[in-house]
Amino acid sequence: MSASGGTKSIAEESKEQRGDLSYHYFHNEKGGDAPPAVPKKLTEEEAAAMHRTTSEQLVCGASLWNTAGTWEERGCLEWVQEQLKARVVGLSENIASPPSDDKFTITELKSCTGEASVVCTRGKARHGFDLELSLGWEAIIGGPTIKGVIDISEVSRDTVEDDELEFKVQIDSDSKKESEAAKDKAEAQAKVFMRKIREQLVAFDKDFRAKAERRED
């Protein structure tokens, strides 16, 4: 029934509920001009709550729009490359007891390729990586310096944790003129040195996990 009959129609009730803030009100009755937005200053409590919400959503660069904690993946390869370079370059070990100067040293992270990311889902962050590393090294063996490369074909959470890293040791062409005994000793030392490299990879894995759980950029 109409309003004249004492009973309000659905349209009339809807109009009353919208009041003077609806699109139709400003479009039909005010010539389409809505009032300007008025800025509202947050209270200290509101500002603190907003900061907490924002901080909780930052997971290795995770988007702030993801308030529902739906599935999202963020790449972290650049951060991983920096961390591994800082951990392994300069790592060294004496080959013989002093006063011998014989030493094995990782001199360069030649390459670090693959994938590294943090996956955010259901409010939780999980890290993962699948990398190939190429490490330059040098060994001082009784005077001459022999150089080479350690190639690690698969570096992942599983291979690091289970100590199943597959690697290949190569001698640089410039060092092949050295004696076979010196080259054999340098190559053997490179293989032994893998235990130190794995120790650093284990520590890196823990740091990466902690970074994800702290929900950092």
# chains A, B, ... in the order shown; residues from 1 in each chain; ligands from 1
>>> closest_atom_pairs(of="stretch 136-182 of chain A", to="stretch 196-217 of chain A", cutoff="10 Å", atoms="only C-alpha atoms", output="Markdown table")
| residue | atom | partner | partner_atom | distance |
| --- | --- | --- | --- | --- |
| A:Val155 | CA | A:Leu201 | CA | 8.6 |
| A:Ser156 | CA | A:Asp205 | CA | 8.9 |
| A:Arg157 | CA | A:Asp205 | CA | 7.0 |
| A:Thr159 | CA | A:Arg198 | CA | 9.8 |
| A:Val160 | CA | A:Val202 | CA | 6.3 |
| A:Glu161 | CA | A:Val202 | CA | 6.8 |
| A:Asp163 | CA | A:Arg198 | CA | 7.6 |
| A:Glu164 | CA | A:Arg198 | CA | 9.8 |
| A:Leu165 | CA | A:Arg198 | CA | 8.1 |
>>> select_by_dssp(residues="stretch 30-208 of chain A", states="strand (DSSP E or B)", output="ChimeraX atom specification")
/A:72-75,92-94,103-121,124-140,145-156,167-171
>>> residues_around(residues="stretch 170-174 of chain A", least_positions_apart="3", cutoff="7 Å", atoms="only C-alpha atoms", output="list of chain:residue names")
A:Lys147, A:Gly148, A:Val149, A:Ile150, A:Lys177
>>> select_by_dssp(residues="stretch 45-210 of chain A", states="alpha helix (DSSP H)", output="JSON, numbers by chain")
{"A": [45, 46, 47, 48, 49, 50, 51, 52, 53, 54, 55, 56, 57, 77, 78, 79, 80, 81, 82, 83, 84, 85, 86, 87, 88, 157, 158, 159, 160, 161, 180, 181, 182, 183, 184, 185, 186, 187, 188, 189, 190, 191, 192, 193, 194, 195, 196, 197, 198, 199, 200, 201, 202, 203, 204, 205, 206, 207, 208, 209, 210]}
